[in-house]
Each structure stands twice: as structure tokens, then as C-alpha cells.
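What follows is input_28.csv (CSV, C-alpha atoms).
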chain,number,residue,atom,x,y,z
A,1,MET,CA,37.4,-257.1,-106.7
A,2,GLU,CA,36.6,-260.8,-107.1
A,3,HIS,CA,39.4,-261.6,-104.7
A,4,ILE,CA,38.0,-259.2,-102.1
A,5,THR,CA,34.5,-260.6,-102.4
A,6,PHE,CA,35.8,-264.2,-102.1
A,7,LEU,CA,37.9,-263.3,-99.0
A,8,VAL,CA,34.9,-261.5,-97.4
A,9,ALA,CA,32.8,-264.7,-97.9
A,10,VAL,CA,35.6,-266.8,-96.4
A,11,VAL,CA,35.8,-264.5,-93.4
A,12,ILE,CA,32.1,-264.6,-92.8
A,13,ILE,CA,32.0,-268.4,-93.0
A,14,THR,CA,34.9,-268.7,-90.7
A,15,ALA,CA,33.3,-266.3,-88.2
A,16,LEU,CA,30.2,-268.4,-88.2
A,17,ALA,CA,32.4,-271.5,-87.7
A,18,PHE,CA,33.9,-269.7,-84.6
A,19,ASP,CA,30.4,-268.9,-83.4
A,20,PHE,CA,29.6,-272.6,-83.7
A,21,THR,CA,32.6,-273.6,-81.6
A,22,ASN,CA,31.7,-270.9,-79.1
A,23,GLY,CA,28.3,-272.5,-78.8
A,24,PHE,CA,29.4,-276.0,-78.0
A,25,HIS,CA,32.4,-274.8,-76.0
A,26,ASP,CA,30.2,-272.6,-73.7
A,27,THR,CA,27.1,-274.8,-73.3
A,28,ALA,CA,28.5,-275.8,-70.0
A,29,ASN,CA,28.2,-272.2,-68.7
A,30,ALA,CA,24.4,-272.4,-68.6
A,31,MET,CA,23.7,-276.1,-68.2
A,32,ALA,CA,26.5,-277.9,-66.5
A,33,THR,CA,25.3,-277.5,-62.9
A,34,SER,CA,21.6,-278.2,-63.9
A,35,ILE,CA,22.8,-281.5,-65.6
A,36,ALA,CA,25.1,-282.3,-62.6
A,37,THR,CA,22.3,-282.0,-60.0
A,38,GLY,CA,19.7,-283.8,-62.2
A,39,ALA,CA,17.5,-280.7,-62.6
A,40,LEU,CA,17.5,-281.2,-66.3
A,41,ARG,CA,18.2,-284.2,-68.5
A,42,PRO,CA,21.3,-283.6,-70.7
A,43,LYS,CA,19.5,-283.4,-74.1
A,44,VAL,CA,16.7,-281.3,-72.7
A,45,ALA,CA,19.2,-278.9,-71.2
A,46,VAL,CA,21.1,-278.3,-74.4
A,47,THR,CA,17.9,-277.9,-76.4
A,48,ILE,CA,16.7,-275.1,-74.0
A,49,ALA,CA,20.1,-273.5,-74.1
A,50,ALA,CA,20.1,-273.5,-77.9
A,51,VAL,CA,16.7,-271.9,-78.2
A,52,LEU,CA,17.5,-269.2,-75.6
A,53,ASN,CA,21.0,-268.5,-77.0
A,54,PHE,CA,19.3,-267.7,-80.3
A,55,ALA,CA,16.7,-265.5,-78.7
A,56,GLY,CA,19.4,-263.6,-76.6
A,57,ALA,CA,21.2,-262.6,-79.8
A,58,PHE,CA,18.4,-260.1,-80.6
A,59,LEU,CA,18.3,-258.4,-77.2
A,60,SER,CA,21.3,-256.0,-77.6
A,61,VAL,CA,24.2,-255.0,-79.9
A,62,LYS,CA,26.4,-253.1,-77.4
A,63,VAL,CA,29.0,-255.8,-77.1
A,64,ALA,CA,29.1,-256.1,-80.9
A,65,THR,CA,30.0,-252.5,-81.2
A,66,THR,CA,32.8,-253.0,-78.7
A,67,ILE,CA,34.3,-255.5,-81.2
A,68,SER,CA,33.6,-253.8,-84.5
A,69,GLY,CA,34.6,-250.3,-83.5
A,70,GLY,CA,36.3,-250.6,-80.1
A,71,ILE,CA,39.1,-253.1,-79.8
A,72,VAL,CA,40.4,-252.4,-83.3
A,73,SER,CA,40.6,-248.9,-84.7
A,74,GLU,CA,38.4,-248.5,-87.8
A,75,LYS,CA,41.0,-245.9,-89.0
A,76,ALA,CA,43.8,-248.5,-89.1
A,77,GLY,CA,42.9,-249.9,-92.4
A,78,ILE,CA,42.4,-253.5,-91.2
A,79,GLN,CA,41.8,-256.0,-94.0
A,80,PRO,CA,39.7,-259.2,-94.2
A,81,ALA,CA,42.8,-261.3,-94.3
A,82,ILE,CA,43.8,-260.0,-90.9
A,83,ILE,CA,40.3,-260.8,-89.5
A,84,PHE,CA,40.5,-264.3,-91.0
A,85,ALA,CA,43.8,-264.9,-89.2
A,86,ALA,CA,42.3,-263.7,-85.9
A,87,LEU,CA,39.4,-266.2,-86.3
A,88,VAL,CA,41.9,-269.1,-87.1
A,89,GLY,CA,43.8,-268.4,-83.8
A,90,ALA,CA,40.5,-268.3,-81.8
A,91,ILE,CA,39.0,-271.5,-83.3
A,92,LEU,CA,42.2,-273.6,-82.8
A,93,TRP,CA,42.5,-272.5,-79.2
A,94,ASN,CA,38.8,-273.2,-78.6
A,95,LEU,CA,39.1,-276.7,-80.0
A,96,LEU,CA,42.3,-277.5,-78.1
A,97,THR,CA,40.8,-276.5,-74.8
A,98,TRP,CA,37.6,-278.4,-75.6
A,99,LEU,CA,39.7,-281.5,-76.4
A,100,LYS,CA,41.3,-281.2,-72.9
A,101,GLY,CA,37.9,-280.5,-71.2
A,102,LEU,CA,39.1,-277.1,-69.9
A,103,PRO,CA,36.5,-274.3,-69.5
A,104,SER,CA,38.5,-271.6,-71.1
A,105,SER,CA,37.2,-268.3,-72.5
A,106,SER,CA,36.0,-268.3,-76.2
A,107,SER,CA,35.7,-264.6,-75.8
A,108,HIS,CA,39.3,-264.1,-74.8
A,109,ALA,CA,40.4,-266.4,-77.6
A,110,LEU,CA,38.6,-264.1,-80.0
A,111,TYR,CA,40.0,-261.0,-78.5
A,112,GLY,CA,43.5,-262.4,-78.4
A,113,GLY,CA,43.3,-263.5,-82.0
A,114,LEU,CA,42.0,-260.1,-83.1
A,115,ILE,CA,44.8,-258.3,-81.2
A,116,GLY,CA,47.6,-260.6,-82.3
A,117,ALA,CA,46.6,-260.5,-86.0
A,118,THR,CA,46.1,-256.7,-86.0
A,119,VAL,CA,49.5,-256.0,-84.4
A,120,VAL,CA,51.2,-258.2,-87.0
A,121,GLY,CA,49.2,-257.0,-90.0
A,122,VAL,CA,48.7,-253.3,-89.1
A,123,GLY,CA,50.9,-252.4,-86.2
A,124,LEU,CA,50.4,-251.4,-82.6
A,125,ASN,CA,48.4,-248.4,-83.6
A,126,GLY,CA,45.7,-250.6,-84.9
A,127,VAL,CA,44.6,-251.7,-81.4
A,128,ASN,CA,42.8,-249.5,-79.0
A,129,PHE,CA,44.6,-250.6,-75.9
A,130,GLY,CA,42.6,-248.3,-73.6
A,131,VAL,CA,39.4,-250.2,-74.7
A,132,VAL,CA,41.2,-253.6,-74.2
A,133,VAL,CA,42.1,-252.7,-70.6
A,134,SER,CA,38.8,-251.1,-69.6
A,135,LYS,CA,36.3,-253.4,-71.3
A,136,ILE,CA,38.3,-256.7,-71.5
A,137,LEU,CA,41.1,-257.1,-69.0
A,138,ILE,CA,39.5,-255.4,-66.0
A,139,PRO,CA,36.2,-257.3,-66.4
A,140,ALA,CA,38.2,-260.5,-66.8
A,141,VAL,CA,39.7,-260.1,-63.4
A,142,ALA,CA,36.7,-258.6,-61.6
A,143,SER,CA,33.7,-260.6,-63.1
A,144,PRO,CA,34.6,-264.1,-61.7
A,145,ILE,CA,35.4,-262.6,-58.3
A,146,VAL,CA,32.1,-260.7,-58.2
A,147,ALA,CA,30.2,-263.8,-59.4
A,148,GLY,CA,32.0,-266.0,-56.9
A,149,LEU,CA,31.3,-263.7,-53.9
A,150,ALA,CA,27.7,-263.3,-55.0
A,151,SER,CA,27.3,-267.1,-55.4
A,152,TRP,CA,29.0,-267.8,-52.1
A,153,GLY,CA,26.6,-265.4,-50.3
A,154,ALA,CA,23.5,-266.7,-52.1
A,155,THR,CA,24.5,-270.3,-51.2
A,156,LYS,CA,25.0,-269.5,-47.5
A,157,LEU,CA,21.6,-267.7,-47.5
A,158,ALA,CA,19.9,-270.6,-49.3
A,159,TYR,CA,21.1,-273.2,-46.8
A,160,ARG,CA,20.2,-270.9,-43.9
A,161,ILE,CA,16.7,-270.3,-45.1
A,162,THR,CA,16.1,-274.1,-45.7
A,163,ARG,CA,18.0,-275.5,-42.7
A,164,ASN,CA,14.8,-276.7,-41.0
A,165,GLY,CA,13.2,-278.1,-44.2
A,166,ARG,CA,13.2,-281.7,-45.5
A,167,GLU,CA,16.1,-282.3,-47.8
A,168,ALA,CA,14.1,-284.1,-50.5
A,169,SER,CA,11.5,-281.3,-50.8
A,170,THR,CA,14.1,-278.6,-50.6
A,171,ASN,CA,16.2,-280.1,-53.4
A,172,LYS,CA,13.1,-280.5,-55.5
A,173,GLY,CA,12.3,-276.9,-55.1
A,174,PHE,CA,15.8,-275.8,-56.0
A,175,LYS,CA,15.9,-278.1,-59.0
A,176,THR,CA,12.7,-276.3,-60.3
A,177,GLY,CA,14.5,-273.0,-59.7
A,178,GLN,CA,17.5,-274.2,-61.6
A,179,VAL,CA,15.4,-274.6,-64.7
A,180,PHE,CA,14.7,-270.9,-64.7
A,181,SER,CA,18.1,-269.7,-63.6
A,182,ALA,CA,19.9,-271.9,-66.2
A,183,SER,CA,17.5,-270.6,-68.8
A,184,LEU,CA,18.3,-267.0,-67.8
A,185,ILE,CA,22.1,-267.8,-68.2
A,186,SER,CA,21.4,-269.2,-71.7
A,187,LEU,CA,19.5,-266.0,-72.6
A,188,ALA,CA,22.4,-263.9,-71.2
A,189,HIS,CA,25.0,-266.0,-73.1
A,190,GLY,CA,23.3,-265.3,-76.4
A,191,THR,CA,23.1,-261.6,-75.5
A,192,ASN,CA,26.8,-261.5,-74.8
A,193,ASP,CA,28.6,-264.1,-76.9
A,194,ALA,CA,26.6,-264.2,-80.1
A,195,GLN,CA,27.3,-260.4,-80.4
A,196,LYS,CA,31.0,-261.0,-80.7
A,197,THR,CA,30.7,-262.8,-84.0
A,198,MET,CA,28.3,-260.1,-85.1
A,199,GLY,CA,31.0,-257.6,-84.3
A,200,ILE,CA,33.6,-259.5,-86.3
A,201,ILE,CA,31.4,-259.8,-89.4
A,202,THR,CA,30.4,-256.1,-89.1
A,203,LEU,CA,34.1,-255.1,-88.8
A,204,THR,CA,34.8,-257.1,-92.0
A,205,LEU,CA,32.0,-255.4,-93.9
A,206,VAL,CA,33.2,-252.0,-92.7
A,207,SER,CA,36.8,-252.8,-93.8
A,208,VAL,CA,35.8,-253.3,-97.4
A,209,GLY,CA,33.3,-250.4,-97.5
A,210,ALA,CA,30.2,-252.5,-97.5
A,211,LEU,CA,29.0,-250.7,-94.4
A,212,PRO,CA,29.8,-247.2,-93.1
A,213,LYS,CA,32.1,-246.8,-90.1
A,214,GLY,CA,30.2,-247.0,-86.8
A,215,ALA,CA,27.4,-249.1,-88.4
A,216,LEU,CA,25.4,-251.5,-86.3
A,217,PRO,CA,25.1,-255.2,-87.3
A,218,PRO,CA,22.6,-255.8,-90.1
A,219,THR,CA,19.6,-258.0,-89.4
A,220,TRP,CA,21.0,-260.9,-91.5
A,221,VAL,CA,24.2,-260.8,-89.4
A,222,ILE,CA,22.3,-261.0,-86.2
A,223,VAL,CA,20.1,-263.9,-87.4
A,224,SER,CA,23.1,-265.9,-88.8
A,225,ALA,CA,25.2,-265.4,-85.7
A,226,GLY,CA,22.4,-266.3,-83.4
A,227,ALA,CA,21.7,-269.5,-85.4
A,228,ALA,CA,25.3,-270.5,-85.5
A,229,ILE,CA,25.8,-270.3,-81.8
A,230,ALA,CA,22.5,-272.0,-81.2
A,231,ILE,CA,23.4,-275.0,-83.4
A,232,GLY,CA,26.8,-275.3,-81.6
A,233,THR,CA,25.0,-275.1,-78.2
A,234,TYR,CA,22.7,-277.9,-79.2
A,235,MET,CA,25.6,-280.1,-80.2
A,236,GLY,CA,26.7,-280.0,-76.5
A,237,GLY,CA,30.3,-279.5,-75.4
A,238,TRP,CA,30.0,-282.6,-73.1
A,239,ARG,CA,33.7,-282.6,-72.1
A,240,ILE,CA,33.5,-279.1,-70.7
A,241,ILE,CA,30.0,-279.8,-69.2
A,242,ARG,CA,31.6,-282.6,-67.2
A,243,SER,CA,34.4,-280.3,-66.0
A,244,MET,CA,32.1,-277.5,-65.0
A,245,GLY,CA,29.4,-279.7,-63.4
A,246,LYS,CA,31.5,-282.3,-61.6
A,247,GLY,CA,35.1,-281.2,-62.0
A,248,LEU,CA,35.1,-277.9,-60.0
A,249,ALA,CA,32.9,-278.9,-57.0
A,250,ASP,CA,30.3,-281.4,-56.0
A,251,ILE,CA,27.3,-279.2,-56.6
A,252,GLN,CA,23.9,-279.8,-55.0
A,253,PRO,CA,20.6,-278.1,-56.1
A,254,PRO,CA,20.8,-275.2,-53.7
A,255,GLN,CA,24.4,-274.4,-54.8
A,256,GLY,CA,23.5,-274.9,-58.5
A,257,PHE,CA,20.6,-272.4,-58.2
A,258,SER,CA,22.7,-269.9,-56.4
A,259,SER,CA,25.6,-270.0,-58.8
A,260,GLU,CA,23.4,-269.7,-61.8
A,261,ALA,CA,21.4,-266.8,-60.4
A,262,ALA,CA,24.6,-264.9,-59.5
A,263,ALA,CA,26.3,-265.6,-62.9
A,264,ALA,CA,23.2,-264.5,-64.9
A,265,THR,CA,23.0,-261.3,-63.0
A,266,VAL,CA,26.7,-260.5,-63.7
A,267,ILE,CA,26.5,-261.4,-67.4
A,268,LEU,CA,23.3,-259.4,-68.1
A,269,THR,CA,24.6,-256.3,-66.2
A,270,SER,CA,27.9,-256.4,-68.2
A,271,SER,CA,26.2,-256.9,-71.5
A,272,HIS,CA,24.0,-253.8,-70.8
A,273,MET,CA,27.2,-251.9,-70.2
A,274,GLY,CA,29.0,-253.2,-73.3
A,275,TYR,CA,31.7,-255.2,-71.5
A,276,GLY,CA,33.0,-258.1,-73.5
A,277,LEU,CA,33.5,-260.3,-70.5
A,278,SER,CA,34.0,-264.1,-70.5
A,279,THR,CA,30.8,-265.9,-69.6
A,280,THR,CA,33.0,-269.0,-68.9
A,281,GLN,CA,35.0,-267.2,-66.3
A,282,VAL,CA,31.8,-265.7,-64.7
A,283,CYS,CA,30.1,-269.1,-64.5
A,284,SER,CA,33.2,-270.9,-63.2
A,285,GLY,CA,33.6,-268.2,-60.5
A,286,GLY,CA,30.0,-268.8,-59.6
A,287,VAL,CA,30.5,-272.6,-59.3
A,288,MET,CA,33.5,-272.2,-57.1
A,289,GLY,CA,31.7,-269.7,-54.9
A,290,ALA,CA,28.8,-272.1,-54.5
A,291,GLY,CA,31.2,-274.9,-53.7
A,292,LEU,CA,32.9,-272.8,-51.0
A,293,GLY,CA,29.5,-271.7,-49.7
A,294,GLY,CA,28.1,-275.2,-49.2
A,295,PRO,CA,28.0,-277.2,-46.0
A,296,LYS,CA,31.4,-278.9,-46.6
A,297,ALA,CA,33.0,-276.1,-48.6
A,298,GLN,CA,34.4,-278.5,-51.2
A,299,VAL,CA,36.4,-277.3,-54.2
A,300,HIS,CA,38.4,-279.5,-56.6
A,301,TRP,CA,41.5,-277.3,-56.5
A,302,SER,CA,43.5,-279.3,-59.0
A,303,MET,CA,40.9,-278.5,-61.7
A,304,ALA,CA,40.6,-274.9,-60.5
A,305,ARG,CA,44.4,-274.5,-60.9
A,306,ARG,CA,44.3,-276.0,-64.4
A,307,MET,CA,41.4,-273.7,-65.3
A,308,LEU,CA,43.2,-270.6,-64.0
A,309,TYR,CA,46.4,-271.4,-65.9
A,310,THR,CA,44.3,-271.8,-69.1
A,311,TRP,CA,42.6,-268.4,-68.5
A,312,GLY,CA,45.9,-266.8,-68.3
A,313,LEU,CA,47.2,-268.5,-71.4
A,314,THR,CA,44.2,-268.0,-73.6
A,315,LEU,CA,44.6,-264.4,-74.8
A,316,PRO,CA,48.4,-264.6,-75.5
A,317,ALA,CA,48.2,-268.1,-77.0
A,318,ALA,CA,45.4,-267.1,-79.4
A,319,ALA,CA,47.3,-263.9,-80.2
A,320,THR,CA,50.5,-265.8,-81.0
A,321,VAL,CA,48.7,-268.3,-83.4
A,322,ALA,CA,46.7,-265.5,-85.0
A,323,GLY,CA,49.8,-263.4,-85.4
A,324,LEU,CA,51.6,-266.2,-87.3
A,325,ALA,CA,48.5,-266.8,-89.4
A,326,ALA,CA,48.3,-263.1,-90.2
A,327,PHE,CA,51.9,-263.0,-91.3
A,328,VAL,CA,51.2,-265.8,-93.8
A,329,ALA,CA,47.7,-264.7,-94.9
A,330,ASP,CA,49.0,-261.2,-95.7
A,331,LYS,CA,51.1,-262.7,-98.5
A,332,GLY,CA,48.1,-263.0,-100.8
A,333,THR,CA,45.6,-265.6,-101.9
A,334,TRP,CA,48.1,-268.5,-101.5
A,335,GLY,CA,48.7,-267.4,-97.9
A,336,VAL,CA,45.0,-267.3,-97.1
A,337,LEU,CA,44.6,-270.8,-98.6
A,338,LEU,CA,47.6,-272.1,-96.6
A,339,VAL,CA,46.2,-270.7,-93.4
A,340,GLY,CA,42.8,-272.2,-94.3
A,341,ALA,CA,44.3,-275.6,-94.9
A,342,ALA,CA,46.1,-275.4,-91.5
A,343,LEU,CA,42.8,-274.6,-89.8
A,344,VAL,CA,41.0,-277.6,-91.5
A,345,ILE,CA,43.9,-280.0,-90.7
A,346,GLY,CA,44.2,-278.8,-87.1
A,347,SER,CA,40.5,-279.0,-86.4
A,348,GLY,CA,40.2,-282.4,-88.0
A,349,ALA,CA,43.1,-283.8,-86.0
A,350,MET,CA,41.6,-282.6,-82.7
A,351,TRP,CA,38.2,-284.1,-83.6
A,352,VAL,CA,39.9,-287.5,-84.4
A,353,LEU,CA,41.8,-287.4,-81.0
A,354,SER,CA,38.5,-286.6,-79.2
A,355,ARG,CA,37.0,-289.9,-80.5
A,356,ARG,CA,39.5,-292.0,-78.5
A,357,GLN,CA,37.7,-291.1,-75.3
A,358,PRO,CA,34.3,-289.8,-76.3
A,359,VAL,CA,32.2,-287.9,-73.8
A,360,HIS,CA,28.4,-287.7,-74.5
A,361,ALA,CA,25.1,-287.2,-72.9
A,362,ASP,CA,25.0,-290.7,-71.3
A,363,ASN,CA,28.4,-290.4,-69.5
A,364,VAL,CA,28.7,-286.7,-68.9
A,365,ASN,CA,28.2,-287.0,-65.2
A,366,ASP,CA,30.8,-289.8,-64.8
A,367,THR,CA,34.0,-288.5,-63.1
A,368,ASP,CA,36.8,-289.7,-61.0
A,369,VAL,CA,37.8,-286.3,-59.6
A,370,THR,CA,38.4,-286.4,-55.8
A,371,PRO,CA,37.2,-283.3,-53.9
A,372,VAL,CA,39.5,-281.5,-51.5
A,373,GLU,CA,37.8,-280.1,-48.5
A,374,VAL,CA,38.6,-276.7,-47.2
A,375,PRO,CA,39.5,-276.8,-43.5
A,376,GLN,CA,36.7,-275.7,-41.3
A,377,ALA,CA,36.8,-274.3,-37.8
A,378,PRO,CA,36.0,-277.0,-35.3
A,379,VAL,CA,32.5,-276.9,-33.9
A,380,PRO,CA,32.5,-276.6,-30.1
A,381,THR,CA,30.7,-279.4,-28.3
A,382,PRO,CA,29.0,-278.9,-24.9
A,383,ALA,CA,30.9,-280.2,-21.9
A,384,THR,CA,29.5,-283.4,-20.4
A,385,THR,CA,28.8,-283.7,-16.7
A,386,THR,CA,29.5,-287.0,-14.9
A,387,VAL,CA,27.0,-287.8,-12.3
A,388,ALA,CA,28.3,-290.0,-9.5
A,389,ALA,CA,26.4,-293.2,-8.9
Mind turning the file's structure into C-alpha cells?
Amino acid sequence: MEHITFLVAVVIITALAFDFTNGFHDTANAMATSIATGALRPKVAVTIAAVLNFAGAFLSVKVATTISGGIVSEKAGIQPAIIFAALVGAILWNLLTWLKGLPSSSSHALYGGLIGATVVGVGLNGVNFGVVVSKILIPAVASPIVAGLASWGATKLAYRITRNGREASTNKGFKTGQVFSASLISLAHGTNDAQKTMGIITLTLVSVGALPKGALPPTWVIVSAGAAIAIGTYMGGWRIIRSMGKGLADIQPPQGFSSEAAAATVILTSSHMGYGLSTTQVCSGGVMGAGLGGPKAQVHWSMARRMLYTWGLTLPAAATVAGLAAFVADKGTWGVLLVGAALVIGSGAMWVLSRRQPVHADNVNDTDVTPVEVPQAPVPTPATTTVAA
């Protein structure tokens, strides 16, 4: 019994650690474009995001129930050691992509970890693949496309409406709008992503009989998950903020407002429906749509390709690492300790490597990425008439 209690405590602490990495990994989703356009100062931006992420954790629990009783079958007899292995796979992938400055999906890292660990520890029957397809894979493909199209249309509309206005006053107005649209994304992010950790902790408590099957997250779980993601958000994932704000497109205030408004709408709608989508993919799609909808239709395709490759690798890579961790952790206490040691060593190594080229609030907008312009149709010029002298 003492072994089970210890293991549950380890899983809960590790889940909150994942939530922390989710926070600083995904700060860019809400604030990258506002920081890039100068609508908000970096430190102010991450403070607002942290507060609203915490508040958003209390708005809904539908995504949490998708995790705790959807992806993994509660009848499969999943044990805390398997959940611990899933979290290890997700955390290590989060830290690796953060080190590389790639806006990958923390959500898909968690899903991949959970699927991989469950398949190794329980078997294929432990995963509800119908839920995986309907509430994870389909939204993963559809959500960035929808956000990108909505952002492209909103950007076109924004420039058309303000085409006769003074640029300085127009940009000032859109920067003010960005404060509200970025805040809405932060609230939506807390509503969607904080719930994933709630679902993991709830699944752990159900697995040891501390909660009945189908139970909703207790209040202390909601508070702790919201606090962990808020603290991580405040730390600021500056590497990914740089990639999102300057790496994908040269975003101006009208584009920033349009991309944020589109992304927030998609995220809040999906959270209401219980879809565990990737807020990173939604916001990245919004930024690309805004870049294509701008006057010069600029997109940094080299960064976009790297990002897309990372999206495709996230779920299988996290699943592979988590599967290996589950194989070891399932051997008993020594296996759990060995996996825990690997997590600490791996995390520490990536932090040390990140110190070689630190990115922080003062240099987050520095970039040497060269934009690639999308070819535009030539604008016809009126014929000139030569008048004889």
C-alpha cells in the first residue's frame, strides 16, 4: 500500500511538472505576435498570460474527461507506473523541442506518451482508438487549417477596412485590440491545456480506486493544475516566442490581431466540444494565415517546414520514449526510480545546453530569419499616351 501511495505521489508531481513545461512551452501561443508587434512588453505579456491561464482552468472540464476516461479505457486496469512513463515521454519531448525553438504540440506529446505507455503496459485494448481518431487526429489536421483560413480572411478584411487610414493610427488601434485578443487566447489556453493535466491526475486517482470511474477532477486538482501551468507561462518560453513571433512571418499589428482572434475562436469552440486539440497548431496556423493575408503575403517557409515535420513526429516520438519508459517502470520500484533518474538527467542536460545561447525577454525579437515572398499576380499599369510636341 505504501508503494502505491508513493507512486501516486510521484505521478502527481510529475504531472504538475509536465503542466509547468506545457506553460512555458506554449506561452508563445498567446503572446508571441503581441510581443513581436510591440503591442505588449515581454514581461507584461507573460504576466497577463499566466493570470488568464490560471483563470481559464476553472471554466470547463470537458477536455479533462476526454483524457481521464476517453483515450485510455478505464476498464483496462492501467496502473500509475504506466501513467508516470507517459509523462516522462511527454516532458522529454517538450524540452527537446523547446531547446530547438520549435513550436510543437505539448498536447500531442502527452497523448503520444499516454498511448505508447498504455500499449506497452496494458496492450492495444487499453487505448480507445476511436476517441483518438475523432477527438485528437481529426482536430489535429482540421484545426490549423480552419484557423489559418479564418486568419487569412480576417487579415484581408482588416487591411481593406483600414486601407484609407493613416498607418500610425491604424497600427495603434490594432495594437490595442491585440491586448484583448491575446488575453482571450490565454484564457482559452488555460481552458484547454490545463485540463489535460487534470485528466492525467484524475486518471491516476481512478486507477488506484481513490476516485470512482467517470469522476470529474476534484477542486484541488483543478487549482494545482491551473497554478502549475500559470507559473510555467510566467517563466516565458522565449525560444518558442521568438519562433512564433518572428520565425513564421513578419507580423504587423493588423495581422497579429486577426491571427489571435481567429485562434481564440477555434480553441474556445473546440474546448466546449471536448476536443483535445493542439493550441500550438491552431495558433501557428493563424500566424501563417495572417502572413499570407498581408500586403506582401510573406511566410518563412523554412521554419514552417521544420514546424510541420515536428508536428508529424511529436505523437510517435513521445509514444516511443514513453513505451520504453513503461517497459522499464513496469519492473517495479527500481524501474520507476531508473526512469525518474533518466528524466532528471535528460532534463538537466537540455537546460545546460540551452544556456549556451540564452534567449530572454531582452533579445526575444532578435532574428536573422529571411522571409520568402509568395509570388503575386502583377498589377496592371495604365497605358501611357505620348503627346506629340
* Structure fact -> Residue with the minimum atom-to-atom distance to Gly148 in chain A, picked from A:Ala290, A:Met31, A:Val88, A:Ile201 with all atoms listed in the file counted, is A:Ala290
* Asked: Smallest atom-to-atom distance to Gln79 in chain A: which of A:Ser354, A:Thr204, A:Gln255, A:Ser143, using only C-alpha atoms?
  ->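 Once distances to Gln79 in chain A are computed over only C-alpha atoms, the minimum belongs to A:Thr204.
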* **Which residue of A:Ile145, A:Leu114, A:Val120, A:Ile71 approaches Phe327 in chain A most closely, using all atoms listed in the file** =>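 Distance minimum relative to Phe327 in chain A lands on A:Val120.
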* Scan for residues within 9 Å of the point (31.4, -262.6, -58.9) in the coordinates of the file, using all atoms listed in the file, and reply as a ChimeraX atom specification. => /A:142-152,262-263,266,282-283,285-286,289
Filtering to C-alpha atoms, could you give me those residues as a short mmCIF file (atom, residue, chain, number, x, y, z; two decimals), keeping the file's coordinate frame?
data_model
loop_
_atom_site.label_atom_id
_atom_site.label_comp_id
_atom_site.auth_asym_id
_atom_site.auth_seq_id
_atom_site.Cartn_x
_atom_site.Cartn_y
_atom_site.Cartn_z
CA ALA A 142 36.70 -258.60 -61.60
CA SER A 143 33.70 -260.60 -63.10
CA PRO A 144 34.60 -264.10 -61.70
CA ILE A 145 35.40 -262.60 -58.30
CA VAL A 146 32.10 -260.70 -58.20
CA ALA A 147 30.20 -263.80 -59.40
CA GLY A 148 32.00 -266.00 -56.90
CA LEU A 149 31.30 -263.70 -53.90
CA ALA A 150 27.70 -263.30 -55.00
CA SER A 151 27.30 -267.10 -55.40
CA TRP A 152 29.00 -267.80 -52.10
CA ALA A 262 24.60 -264.90 -59.50
CA ALA A 263 26.30 -265.60 -62.90
CA VAL A 266 26.70 -260.50 -63.70
CA VAL A 282 31.80 -265.70 -64.70
CA CYS A 283 30.10 -269.10 -64.50
CA GLY A 285 33.60 -268.20 -60.50
CA GLY A 286 30.00 -268.80 -59.60
CA GLY A 289 31.70 -269.70 -54.90
#
* Selected residue, from A:Gly340, A:Ser183, A:Thr155, A:Pro316, that lies nearest to Ala45 in chain A when counting only C-alpha atoms -> A:Ser183
* Nearest to Gly237 in chain A by atom-to-atom distance, counting only C-alpha atoms, from A:Ile13, A:Leu102, A:Ala36, A:Leu137 ->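 Smallest distance to Gly237 in chain A is found for A:Leu102.
With distances restricted to all atoms listed in the file, A:Ala15 is the closest residue to Phe84 in chain A from A:Leu313, A:Ala15, A:Leu203, A:Ile222.
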* To do: To one decimal in Å, tell me the separation between CA of Pro253 in chain A and CA of Leu157 in chain A.
  =>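 Atom-to-atom, CA of Pro253 in chain A and CA of Leu157 in chain A are spaced 13.5 Å apart.
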* To do: Quick one: pull the distance between CA of Gly89 in chain A and CA of Ala9 in chain A, Å, one decimal.
  =>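 Taking CA of Gly89 in chain A and CA of Ala9 in chain A, their separation equals 18.3 Å.
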* Asked: Expressed in Å to a single decimal, how great is the separation between CA of Phe58 in chain A and CA of Val10 in chain A?
  ->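 The value is 24.3 Å.
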* **Residues within 12 Å of (32.0, -282.9, -69.4), counting all atoms listed in the file, listed as a PyMOL selection string** => chain A and resi 24-29+31-33+35-36+42+98-103+236-248+357-369
